[in-house]
file target-v3.cif (mmCIF, C-alpha atoms)
data_entry
loop_
_atom_site.label_atom_id
_atom_site.label_comp_id
_atom_site.auth_asym_id
_atom_site.auth_seq_id
_atom_site.Cartn_x
_atom_site.Cartn_y
_atom_site.Cartn_z
CA MET A 283 -80.74 -190.51 -51.54
CA ASN A 284 -79.89 -193.67 -49.64
CA HIS A 285 -82.93 -195.52 -48.29
CA ASP A 286 -81.15 -198.54 -46.80
CA PRO A 287 -80.97 -197.71 -43.06
CA HIS A 288 -78.02 -200.08 -42.48
CA GLN A 289 -75.91 -198.53 -45.20
CA GLN A 290 -76.92 -195.08 -44.01
CA ALA A 291 -75.87 -195.95 -40.46
CA GLN A 292 -72.57 -197.43 -41.62
CA GLU A 293 -71.78 -194.36 -43.71
CA MET A 294 -72.38 -192.22 -40.63
CA ILE A 295 -70.12 -194.50 -38.57
CA ALA A 296 -67.42 -194.28 -41.23
CA CYS A 297 -67.47 -190.49 -40.98
CA ARG A 298 -67.23 -190.79 -37.20
CA SER A 299 -70.02 -188.30 -36.55
CA ASP A 300 -68.27 -185.51 -38.48
CA GLY A 301 -70.90 -183.23 -39.97
CA LEU A 302 -73.84 -185.05 -38.36
CA SER A 303 -76.68 -182.96 -36.98
CA GLN A 304 -78.10 -183.72 -33.53
CA ALA A 305 -81.11 -185.36 -35.17
CA GLN A 306 -78.87 -187.62 -37.28
CA GLN A 307 -76.77 -188.45 -34.24
CA ALA A 308 -79.93 -189.39 -32.29
CA TRP A 309 -81.16 -191.49 -35.20
CA LEU A 310 -77.81 -193.30 -35.40
CA GLU A 311 -77.81 -194.06 -31.68
CA ALA A 312 -81.39 -195.35 -31.83
CA HIS A 313 -80.51 -197.52 -34.83
CA LEU A 314 -77.42 -198.95 -33.15
CA ALA A 315 -79.49 -199.81 -30.07
CA THR A 316 -81.67 -202.11 -32.15
CA CYS A 317 -79.39 -203.35 -34.95
CA ASP A 318 -76.80 -206.01 -34.09
CA ARG A 319 -75.21 -205.88 -37.56
CA CYS A 320 -74.53 -202.15 -37.47
CA ARG A 321 -73.43 -202.28 -33.83
CA GLU A 322 -70.91 -204.93 -34.76
CA TYR A 323 -69.76 -202.72 -37.65
CA ALA A 324 -69.39 -199.76 -35.26
CA ASN A 325 -67.35 -201.87 -32.84
CA ALA A 326 -65.13 -203.14 -35.65
CA ALA A 327 -64.60 -199.58 -36.89
CA GLU A 328 -63.73 -198.46 -33.36
CA GLU A 329 -61.27 -201.32 -32.98
CA LEU A 330 -59.71 -200.50 -36.34
CA VAL A 331 -59.20 -196.87 -35.36
CA ARG A 332 -57.59 -197.93 -32.07
CA ALA A 333 -55.31 -200.35 -33.90
CA LEU A 334 -54.40 -197.73 -36.50
CA ARG A 335 -53.51 -195.19 -33.83
CA SER A 336 -51.38 -197.71 -31.99
CA VAL A 337 -48.99 -198.20 -34.92
CA PRO A 338 -45.75 -196.62 -33.68
CA ILE A 339 -44.45 -194.47 -36.52
CA THR A 340 -42.17 -191.69 -35.36
CA ALA A 341 -39.61 -189.48 -37.03
CA GLY A 342 -36.03 -190.14 -35.94
CA ALA A 343 -34.09 -187.38 -34.17
CA GLU A 344 -31.42 -187.43 -36.88
CA LEU A 345 -34.00 -186.87 -39.62
CA VAL A 346 -35.49 -183.94 -37.73
CA ARG A 347 -32.06 -182.40 -37.06
CA THR A 348 -30.99 -182.76 -40.70
CA THR A 349 -34.26 -181.31 -41.93
CA GLN A 350 -34.03 -178.37 -39.56
CA ALA A 351 -30.45 -177.64 -40.65
CA ARG A 352 -31.38 -177.81 -44.35
CA ALA A 353 -34.45 -175.66 -43.81
CA ARG A 354 -32.50 -173.07 -41.81
CA ALA A 355 -29.79 -172.79 -44.51
CA HIS A 356 -32.45 -172.53 -47.21
CA ALA A 357 -34.39 -169.91 -45.22
CA LEU A 358 -31.29 -167.74 -44.84
CA LYS A 359 -30.57 -168.05 -48.55
CA LEU A 360 -34.11 -166.97 -49.41
CA GLN A 361 -33.90 -164.07 -46.94
CA GLN A 362 -30.68 -162.84 -48.60
CA GLN A 363 -32.25 -163.11 -52.04
CA ARG A 364 -35.17 -161.04 -50.81
CA GLU A 365 -32.86 -158.38 -49.33
CA ARG A 366 -30.98 -158.18 -52.60
CA MET A 367 -34.18 -157.82 -54.56
CA TRP A 368 -35.27 -154.99 -52.28
CA LEU A 369 -32.02 -153.10 -52.95
CA ILE A 370 -32.46 -153.54 -56.67
CA TRP A 371 -36.08 -152.39 -56.55
CA ILE A 372 -35.19 -149.32 -54.48
CA SER A 373 -32.33 -148.41 -56.79
CA CYS A 374 -34.60 -148.75 -59.82
CA ALA A 375 -37.22 -146.54 -58.19
CA VAL A 376 -34.65 -143.86 -57.29
CA VAL A 377 -33.18 -143.85 -60.78
CA THR A 378 -36.60 -143.69 -62.44
CA LEU A 379 -37.70 -140.81 -60.23
CA SER A 380 -34.55 -138.78 -60.69
CA THR A 381 -34.67 -139.37 -64.43
CA ALA A 382 -38.27 -138.22 -64.67
CA LEU A 383 -37.45 -135.04 -62.72
CA THR A 384 -34.24 -134.06 -64.47
CA THR A 385 -34.90 -135.06 -68.09
CA PRO A 386 -36.78 -131.86 -69.18
CA LEU A 387 -34.16 -129.59 -67.59
CA LEU A 388 -31.29 -131.53 -69.11
CA TRP A 389 -32.93 -131.48 -72.54
CA GLN A 390 -33.16 -127.68 -72.40
CA GLY A 391 -29.57 -127.45 -71.14
CA PHE A 392 -28.25 -129.64 -73.98
CA ALA A 393 -30.28 -127.68 -76.54
CA TRP A 394 -28.80 -124.38 -75.24
CA LEU A 395 -25.28 -125.85 -75.23
CA GLY A 396 -25.74 -127.22 -78.80
CA ALA A 397 -26.88 -123.78 -80.01
CA TRP A 398 -24.02 -122.01 -78.18
CA ILE A 399 -21.24 -124.19 -79.64
CA ARG A 400 -23.10 -124.40 -82.97
CA VAL A 401 -23.28 -128.18 -83.53
CA PRO A 402 -26.02 -129.98 -85.48
CA ASP A 403 -29.08 -131.07 -83.45
CA ALA A 404 -28.24 -134.77 -83.94
CA ILE A 405 -24.93 -134.31 -82.11
CA TRP A 406 -26.22 -132.67 -78.96
CA GLN A 407 -29.21 -135.04 -78.93
CA THR A 408 -26.86 -138.07 -79.06
CA GLY A 409 -24.83 -136.51 -76.27
CA PHE A 410 -28.00 -136.05 -74.26
CA VAL A 411 -29.01 -139.71 -74.67
CA LEU A 412 -25.56 -140.92 -73.62
CA PHE A 413 -25.49 -138.56 -70.65
CA TRP A 414 -29.00 -139.68 -69.70
CA ILE A 415 -28.32 -143.44 -69.86
CA ALA A 416 -24.83 -143.57 -68.33
CA PRO A 417 -25.67 -142.59 -64.72
CA ALA A 418 -28.70 -144.88 -64.62
CA LEU A 419 -26.62 -147.82 -65.82
CA ALA A 420 -23.78 -147.04 -63.45
CA THR A 421 -26.12 -146.67 -60.45
CA SER A 422 -27.94 -149.94 -61.20
CA VAL A 423 -24.71 -151.86 -61.59
CA LEU A 424 -23.23 -150.38 -58.41
CA LEU A 425 -26.34 -151.07 -56.31
CA ALA A 426 -26.72 -154.60 -57.67
CA ALA A 427 -23.08 -155.25 -56.83
CA SER A 428 -23.66 -153.75 -53.39
CA GLY A 429 -26.53 -156.21 -52.86
CA THR A 430 -24.28 -159.10 -53.83
CA PHE A 431 -21.64 -157.82 -51.46
CA LEU A 432 -24.14 -157.66 -48.56
CA GLY A 433 -25.32 -161.16 -49.43
CA SER A 434 -21.81 -162.60 -49.26
CA ARG A 435 -21.13 -160.83 -45.93
CA ASN A 436 -24.18 -162.46 -44.34
CA GLY A 437 -23.41 -165.82 -45.92
CA ALA A 438 -25.40 -168.87 -44.84
CA PRO A 439 -23.62 -171.23 -42.47
CA GLN A 440 -22.37 -174.39 -44.02
CA GLY A 441 -23.86 -177.82 -43.20
CA MET B 182 -70.80 -174.98 -37.33
CA ASN B 183 -71.41 -175.54 -33.63
CA ALA B 184 -70.18 -173.29 -30.80
CA THR B 185 -67.17 -175.45 -29.94
CA ALA B 186 -66.02 -175.55 -33.54
CA CYS B 187 -66.49 -171.77 -33.81
CA TYR B 188 -64.40 -171.21 -30.70
CA PHE B 189 -61.73 -173.58 -32.03
CA VAL B 190 -61.54 -171.78 -35.38
CA ASN B 191 -61.32 -168.35 -33.66
CA TRP B 192 -58.61 -169.61 -31.34
CA MET B 193 -56.65 -171.14 -34.22
CA GLU B 194 -56.78 -168.04 -36.39
CA PRO B 195 -54.06 -165.91 -34.72
CA GLU B 196 -51.74 -168.93 -34.66
CA ASN B 197 -52.31 -169.57 -38.37
CA THR B 198 -51.91 -165.88 -39.17
CA ALA B 199 -48.61 -165.83 -37.27
CA ILE B 200 -47.45 -168.90 -39.21
CA ALA B 201 -48.41 -167.27 -42.52
CA ARG B 202 -46.56 -164.10 -41.56
CA GLY B 203 -43.48 -166.06 -40.49
CA LEU B 204 -43.46 -168.11 -43.67
CA ARG B 205 -43.61 -164.96 -45.79
CA ARG B 206 -40.53 -163.72 -43.92
CA HIS B 207 -38.80 -167.14 -44.32
CA ASP B 208 -38.36 -167.16 -40.55
CA PRO B 209 -35.91 -170.02 -39.72
CA ASP B 210 -36.97 -170.18 -36.05
CA LEU B 211 -40.58 -170.68 -37.06
CA LEU B 212 -39.50 -173.46 -39.42
CA ASP B 213 -37.60 -175.17 -36.61
CA ARG B 214 -40.67 -175.07 -34.43
CA LEU B 215 -43.02 -176.31 -37.16
CA ILE B 216 -40.71 -179.19 -38.10
CA GLU B 217 -40.57 -180.19 -34.43
CA GLN B 218 -44.32 -179.90 -34.05
CA TYR B 219 -45.39 -181.79 -37.18
CA GLN B 220 -42.51 -184.27 -37.46
CA HIS B 221 -44.40 -187.45 -36.57
CA ARG B 222 -47.67 -186.59 -38.27
CA LEU B 223 -46.05 -185.59 -41.54
CA LEU B 224 -43.73 -188.58 -41.68
CA ARG B 225 -46.58 -190.97 -40.82
CA TYR B 226 -48.75 -189.52 -43.58
CA LEU B 227 -45.92 -189.80 -46.09
CA ILE B 228 -45.16 -193.39 -45.11
CA TYR B 229 -48.79 -194.39 -45.61
CA LEU B 230 -48.86 -192.44 -48.86
CA THR B 231 -45.67 -193.82 -50.40
CA SER B 232 -45.48 -197.22 -48.68
CA SER B 233 -41.77 -196.68 -48.07
CA ARG B 234 -40.03 -195.17 -45.08
CA GLU B 235 -36.95 -194.25 -47.11
CA THR B 236 -38.97 -192.39 -49.74
CA ALA B 237 -41.08 -190.81 -47.02
CA GLU B 238 -37.99 -189.47 -45.24
CA ASP B 239 -36.70 -187.91 -48.49
CA LEU B 240 -40.10 -186.36 -49.11
CA PHE B 241 -40.25 -185.19 -45.51
CA GLN B 242 -37.19 -183.00 -46.10
CA GLU B 243 -38.36 -181.86 -49.52
CA THR B 244 -41.74 -180.92 -48.09
CA TRP B 245 -40.22 -178.48 -45.61
CA LEU B 246 -38.04 -176.89 -48.29
CA ARG B 247 -41.13 -176.52 -50.45
CA VAL B 248 -43.02 -175.03 -47.50
CA LEU B 249 -40.27 -172.40 -47.28
CA GLU B 250 -40.33 -171.61 -50.97
CA ARG B 251 -44.12 -171.54 -51.29
CA GLY B 252 -44.78 -170.11 -47.81
CA GLY B 253 -46.22 -166.96 -49.37
CA GLN B 254 -49.10 -169.03 -50.74
CA TYR B 255 -50.33 -170.02 -47.28
CA ASP B 256 -53.01 -167.49 -46.38
CA GLY B 257 -53.42 -168.36 -42.69
CA LYS B 258 -57.18 -168.67 -43.08
CA HIS B 259 -57.10 -172.46 -42.98
CA ALA B 260 -55.41 -174.91 -40.65
CA PHE B 261 -51.68 -175.12 -41.34
CA ASN B 262 -51.64 -178.93 -41.22
CA THR B 263 -54.15 -179.09 -44.09
CA TRP B 264 -51.87 -176.98 -46.27
CA LEU B 265 -48.79 -178.91 -45.13
CA PHE B 266 -50.35 -182.27 -46.04
CA ALA B 267 -51.43 -180.87 -49.41
CA VAL B 268 -47.84 -179.75 -50.15
CA ALA B 269 -46.51 -183.17 -49.11
CA ARG B 270 -49.14 -184.93 -51.19
CA ASN B 271 -48.28 -182.94 -54.33
CA LEU B 272 -44.58 -183.77 -53.90
CA ALA B 273 -45.40 -187.46 -53.41
CA ILE B 274 -47.57 -187.49 -56.53
CA ASP B 275 -44.80 -185.79 -58.55
CA LEU B 276 -42.31 -188.38 -57.33
CA MET B 277 -44.60 -191.31 -58.08
CA ARG B 278 -45.30 -189.97 -61.57
CA ARG B 279 -41.57 -189.71 -62.19
CA LYS B 280 -41.00 -193.25 -60.96
CA LYS B 281 -43.95 -194.80 -62.80
CA PRO B 282 -46.78 -193.35 -64.82
CA GLU B 283 -49.52 -194.60 -62.43
CA SER B 284 -51.38 -192.03 -60.38
CA LEU B 285 -51.74 -192.07 -56.62
CA ASP B 286 -55.38 -192.94 -57.14
CA ALA B 287 -54.52 -196.22 -58.80
CA PRO B 288 -55.21 -199.21 -56.55
CA ARG B 289 -52.23 -200.83 -55.00
CA GLY B 290 -51.38 -204.19 -56.53
CA GLU B 291 -51.52 -207.29 -54.37
CA ASP B 292 -48.07 -208.35 -55.59
CA GLU B 293 -46.39 -205.16 -54.42
CA ALA B 294 -44.23 -205.13 -51.32
CA PRO B 295 -46.12 -204.54 -48.09
CA LEU B 296 -45.89 -201.20 -46.31
CA ASP B 297 -42.70 -200.74 -44.35
CA ILE B 298 -43.21 -201.85 -40.77
CA PRO B 299 -41.63 -199.32 -38.45
CA ASP B 300 -39.06 -200.41 -35.94
CA SER B 301 -40.54 -200.94 -32.53
CA ALA B 302 -38.31 -199.84 -29.69
CA GLN B 303 -40.46 -200.92 -26.75
CA PRO B 304 -38.49 -202.48 -23.91
CA SER B 305 -41.03 -205.08 -22.79
CA ALA B 306 -40.70 -208.23 -24.89
CA LEU B 307 -44.37 -209.21 -24.63
CA ASP B 308 -45.52 -205.71 -25.47
CA VAL B 309 -43.13 -205.61 -28.38
CA VAL B 310 -44.49 -208.84 -29.84
CA ALA B 311 -48.14 -207.85 -29.35
CA GLN B 312 -47.58 -204.36 -30.71
CA ARG B 313 -45.58 -205.68 -33.62
CA GLU B 314 -48.31 -208.17 -34.54
CA LEU B 315 -50.98 -205.50 -34.37
CA SER B 316 -48.87 -203.10 -36.44
CA GLU B 317 -48.21 -205.77 -39.04
CA ARG B 318 -51.92 -206.58 -39.27
CA VAL B 319 -52.88 -202.94 -39.70
CA MET B 320 -50.10 -202.20 -42.19
CA ALA B 321 -50.83 -205.34 -44.21
CA GLY B 322 -54.52 -204.45 -44.22
CA LEU B 323 -53.79 -200.91 -45.37
CA ALA B 324 -51.37 -202.16 -48.02
CA GLY B 325 -54.13 -204.23 -49.58
CA ILE B 326 -56.63 -201.44 -50.15
CA PRO B 327 -56.55 -198.76 -52.88
CA ALA B 328 -54.24 -195.82 -52.20
CA ASP B 329 -56.99 -193.20 -52.18
CA TYR B 330 -58.98 -195.17 -49.57
CA ARG B 331 -55.84 -195.66 -47.50
CA GLU B 332 -54.96 -191.98 -47.61
CA THR B 333 -58.48 -190.91 -46.61
CA ILE B 334 -58.61 -193.39 -43.74
CA VAL B 335 -55.23 -192.27 -42.42
CA LEU B 336 -56.10 -188.57 -42.63
CA ARG B 337 -59.44 -189.10 -40.90
CA PHE B 338 -58.72 -191.70 -38.25
CA HIS B 339 -55.02 -191.21 -37.63
CA GLU B 340 -54.54 -187.49 -38.14
CA GLY B 341 -58.03 -186.51 -37.05
CA LEU B 342 -58.74 -184.18 -39.98
CA SER B 343 -62.34 -183.18 -40.65
CA LEU B 344 -64.05 -184.20 -43.88
CA GLU B 345 -63.65 -180.66 -45.24
CA GLU B 346 -59.94 -180.65 -44.40
CA ILE B 347 -59.44 -184.01 -46.13
CA ALA B 348 -61.28 -182.62 -49.14
CA ALA B 349 -58.88 -179.63 -49.13
CA VAL B 350 -55.80 -181.87 -48.90
CA THR B 351 -56.85 -184.35 -51.56
CA GLY B 352 -58.71 -181.96 -53.83
CA ALA B 353 -61.73 -184.26 -53.83
CA PRO B 354 -65.32 -183.19 -53.02
CA VAL B 355 -66.60 -183.92 -49.49
CA GLY B 356 -69.05 -186.46 -50.91
CA THR B 357 -66.15 -188.38 -52.45
CA VAL B 358 -64.26 -188.24 -49.15
CA LYS B 359 -67.27 -189.74 -47.34
CA SER B 360 -67.59 -192.43 -49.94
CA ARG B 361 -63.87 -193.28 -49.74
CA LEU B 362 -64.08 -193.53 -45.97
CA TYR B 363 -67.06 -195.87 -46.14
CA ARG B 364 -65.59 -198.04 -48.87
CA GLY B 365 -62.17 -197.99 -47.28
CA LEU B 366 -63.53 -199.17 -43.96
CA ASN B 367 -65.58 -201.85 -45.69
CA ALA B 368 -62.44 -203.05 -47.45
CA LEU B 369 -60.25 -202.87 -44.36
CA ILE B 370 -62.44 -204.37 -41.62
CA PRO B 371 -62.71 -207.85 -43.19
CA ARG B 372 -58.95 -207.90 -43.80
CA LEU B 373 -58.19 -207.18 -40.16
CA LYS B 374 -60.81 -209.66 -39.00
CA GLY B 375 -59.44 -212.29 -41.37
CA ALA B 376 -55.95 -211.71 -40.04
CA GLN B 377 -57.18 -212.04 -36.48
CA GLY B 378 -59.00 -215.33 -37.13
#
call {"tool": "encode", "arguments": {"input": "target-v3.cif", "output": "structure tokens"}}
result
Amino acid sequence: MNHDPHQQAQEMIACRSDGLSQAQQAWLEAHLATCDRCREYANAAEELVRALRSVPITAGAELVRTTQARARAHALKLQQQRERMWLIWISCAVVTLSTALTTPLLWQGFAWLGAWIRVPDAIWQTGFVLFWIAPALATSVLLAASGTFLGSRNGAPQG
Amino acid sequence: MNATACYFVNWMEPENTAIARGLRRHDPDLLDRLIEQYQHRLLRYLIYLTSSRETAEDLFQETWLRVLERGGQYDGKHAFNTWLFAVARNLAIDLMRRKKPESLDAPRGEDEAPLDIPDSAQPSALDVVAQRELSERVMAGLAGIPADYRETIVLRFHEGLSLEEIAAVTGAPVGTVKSRLYRGLNALIPRLKGAQG
């Protein structure tokens, strides 16, 4: 806890009344009315803030234009990446769902076929695995390629 | 929080939420508008932070690209400028660490080059001279105080951020922000007075 009233007042001035209660504000005003040193500090702080705000720093039009062009190109690139990811996610979901639904039926079908043509279990089971993986792989590859194709059609403008 | 502040926060919320939504969509029109809106404030902050207009301009562009990439992290619950300054600050710190192993918090050496004085394009010759002198005094004063004091003073007095917002940008507690403001002012006022005398 700070017991020096001058330091306390100057800390309040430095914060420029941010976070001060009405009571603190009233105390500060009363203190400034009687203390030359702190009033001088307040005036100097006020002058400093005015001087600081008068420094003319502005962004050039060329910088803003270049930044906007770069940001726009980057935004379009990110949008295309997101679209592509959506296609891949959807294709994965479709493939997973169809696989889950058809696997038991296919297994029974392959087992019946294996028994009918009288081949060892290992043969029809290998055939089942290949049959099961091939469409999923083909669909994923095709949809991923389709996403790439869409991306190149909506290509970002150059420059 | 008083009634005015409450009203301000409630009024700001839909705007911030719209910004957050637009950033998640990587909306290029929103980016255009934000760059236009924050161009001077962001560049000014970066110049004070890095002490170099050239570096600040590079970081200015990088900041907006980073805003695009990390836009999903902005939740819209806080002021956008606070988040923007924090992104810019992190990029500036990364750059400074790459250039030299000192942190941003390290005091600026007296032998380092002064802060870049911006070009003044005022038409009146007398105004130009007076403004230029004042700018030089302020910039020289700022250049002579530690970087963390300088940053806090600029965010508070130039950009008008609240103590809590400065704490969010710099990652320092509010008590530290208050202390930096007080110490920064104490370091800066005599320098400006000395330059005037």
call {"tool": "closest_residue", "arguments": {"input": "target-v3.cif", "among": "A:Ser373, A:Gln307, A:Gln290, A:Gln350", "to": "B:Lys359", "atoms": "all atoms listed in the file"}}
result
A:Gln290
call {"tool": "interface_residues", "arguments": {"input": "target-v3.cif", "of": "chain B", "to": "chain A", "cutoff": "6 Å", "atoms": "all atoms listed in the file", "output": "list in words"}}
result
His207, Pro209, Asp213, Gln220, His221, Arg225, Gln242, Leu246, Pro299, Ser316, Phe338, His339, Leu362 and Tyr363 of chain B
call {"tool": "residues_around", "arguments": {"input": "target-v3.cif", "residues": "B:Val335", "least_positions_apart": "5", "cutoff": "8 Å", "atoms": "all atoms listed in the file", "output": "number ranges by chain"}}
result
B: 226, 229, 340
call {"tool": "closest_residue", "arguments": {"input": "target-v3.cif", "among": "B:Ala260, B:Ala328, B:Leu204, B:Leu369", "to": "B:Glu345", "atoms": "all atoms listed in the file"}}
result
B:Ala260
call {"tool": "atom_distance", "arguments": {"input": "target-v3.cif", "atom1": "atom CA of B:Glu250", "atom2": "atom CA of B:Ser233"}}
result
25.3 Å
call {"tool": "decode", "arguments": {"input": "target-v3.cif", "residues": "stretch 321-369 of chain B", "atoms": "C-alpha atoms", "output": "mmCIF file, in the first residue's frame"}}
result
data_model
loop_
_atom_site.group_PDB
_atom_site.id
_atom_site.type_symbol
_atom_site.label_atom_id
_atom_site.label_comp_id
_atom_site.auth_asym_id
_atom_site.auth_seq_id
_atom_site.Cartn_x
_atom_site.Cartn_y
_atom_site.Cartn_z
ATOM 1 C CA ALA B 321 14.023 11.128 -29.125
ATOM 2 C CA GLY B 322 12.444 11.032 -25.673
ATOM 3 C CA LEU B 323 10.703 7.747 -26.427
ATOM 4 C CA ALA B 324 13.878 6.286 -27.909
ATOM 5 C CA GLY B 325 15.690 6.879 -24.642
ATOM 6 C CA ILE B 326 13.337 4.951 -22.374
ATOM 7 C CA PRO B 327 13.054 1.155 -21.994
ATOM 8 C CA ALA B 328 11.017 -0.593 -24.683
ATOM 9 C CA ASP B 329 8.364 -1.936 -22.324
ATOM 10 C CA TYR B 330 7.719 1.561 -20.907
ATOM 11 C CA ARG B 331 7.594 2.992 -24.428
ATOM 12 C CA GLU B 332 5.140 0.360 -25.607
ATOM 13 C CA THR B 333 2.839 0.872 -22.614
ATOM 14 C CA ILE B 334 2.874 4.650 -23.000
ATOM 15 C CA VAL B 335 2.081 4.423 -26.711
ATOM 16 C CA LEU B 336 -0.764 1.952 -26.194
ATOM 17 C CA ARG B 337 -2.280 4.029 -23.402
ATOM 18 C CA PHE B 338 -1.796 7.606 -24.539
ATOM 19 C CA HIS B 339 -1.620 7.243 -28.293
ATOM 20 C CA GLU B 340 -3.952 4.342 -28.996
ATOM 21 C CA GLY B 341 -6.232 4.976 -26.042
ATOM 22 C CA LEU B 342 -6.332 1.367 -24.819
ATOM 23 C CA SER B 343 -7.566 0.701 -21.290
ATOM 24 C CA LEU B 344 -5.240 -0.774 -18.681
ATOM 25 C CA GLU B 345 -6.940 -4.173 -19.061
ATOM 26 C CA GLU B 346 -6.535 -4.063 -22.839
ATOM 27 C CA ILE B 347 -2.840 -3.193 -22.519
ATOM 28 C CA ALA B 348 -2.469 -6.088 -20.096
ATOM 29 C CA ALA B 349 -4.097 -8.374 -22.693
ATOM 30 C CA VAL B 350 -1.808 -7.148 -25.484
ATOM 31 C CA THR B 351 1.429 -7.333 -23.516
ATOM 32 C CA GLY B 352 0.587 -10.339 -21.371
ATOM 33 C CA ALA B 353 1.540 -8.407 -18.239
ATOM 34 C CA PRO B 354 -0.663 -8.023 -15.128
ATOM 35 C CA VAL B 355 -2.622 -4.763 -14.772
ATOM 36 C CA GLY B 356 -0.468 -3.796 -11.788
ATOM 37 C CA THR B 357 2.646 -4.066 -13.957
ATOM 38 C CA VAL B 358 0.978 -1.980 -16.668
ATOM 39 C CA LYS B 359 0.214 0.761 -14.108
ATOM 40 C CA SER B 360 3.750 0.655 -12.842
ATOM 41 C CA ARG B 361 5.194 0.857 -16.372
ATOM 42 C CA LEU B 362 2.991 3.844 -17.152
ATOM 43 C CA TYR B 363 4.092 5.665 -14.017
ATOM 44 C CA ARG B 364 7.760 4.874 -14.473
ATOM 45 C CA GLY B 365 7.604 5.552 -18.183
ATOM 46 C CA LEU B 366 6.085 8.975 -17.640
ATOM 47 C CA ASN B 367 8.638 9.738 -14.942
ATOM 48 C CA ALA B 368 11.409 8.803 -17.366
ATOM 49 C CA LEU B 369 9.914 10.672 -20.308
#
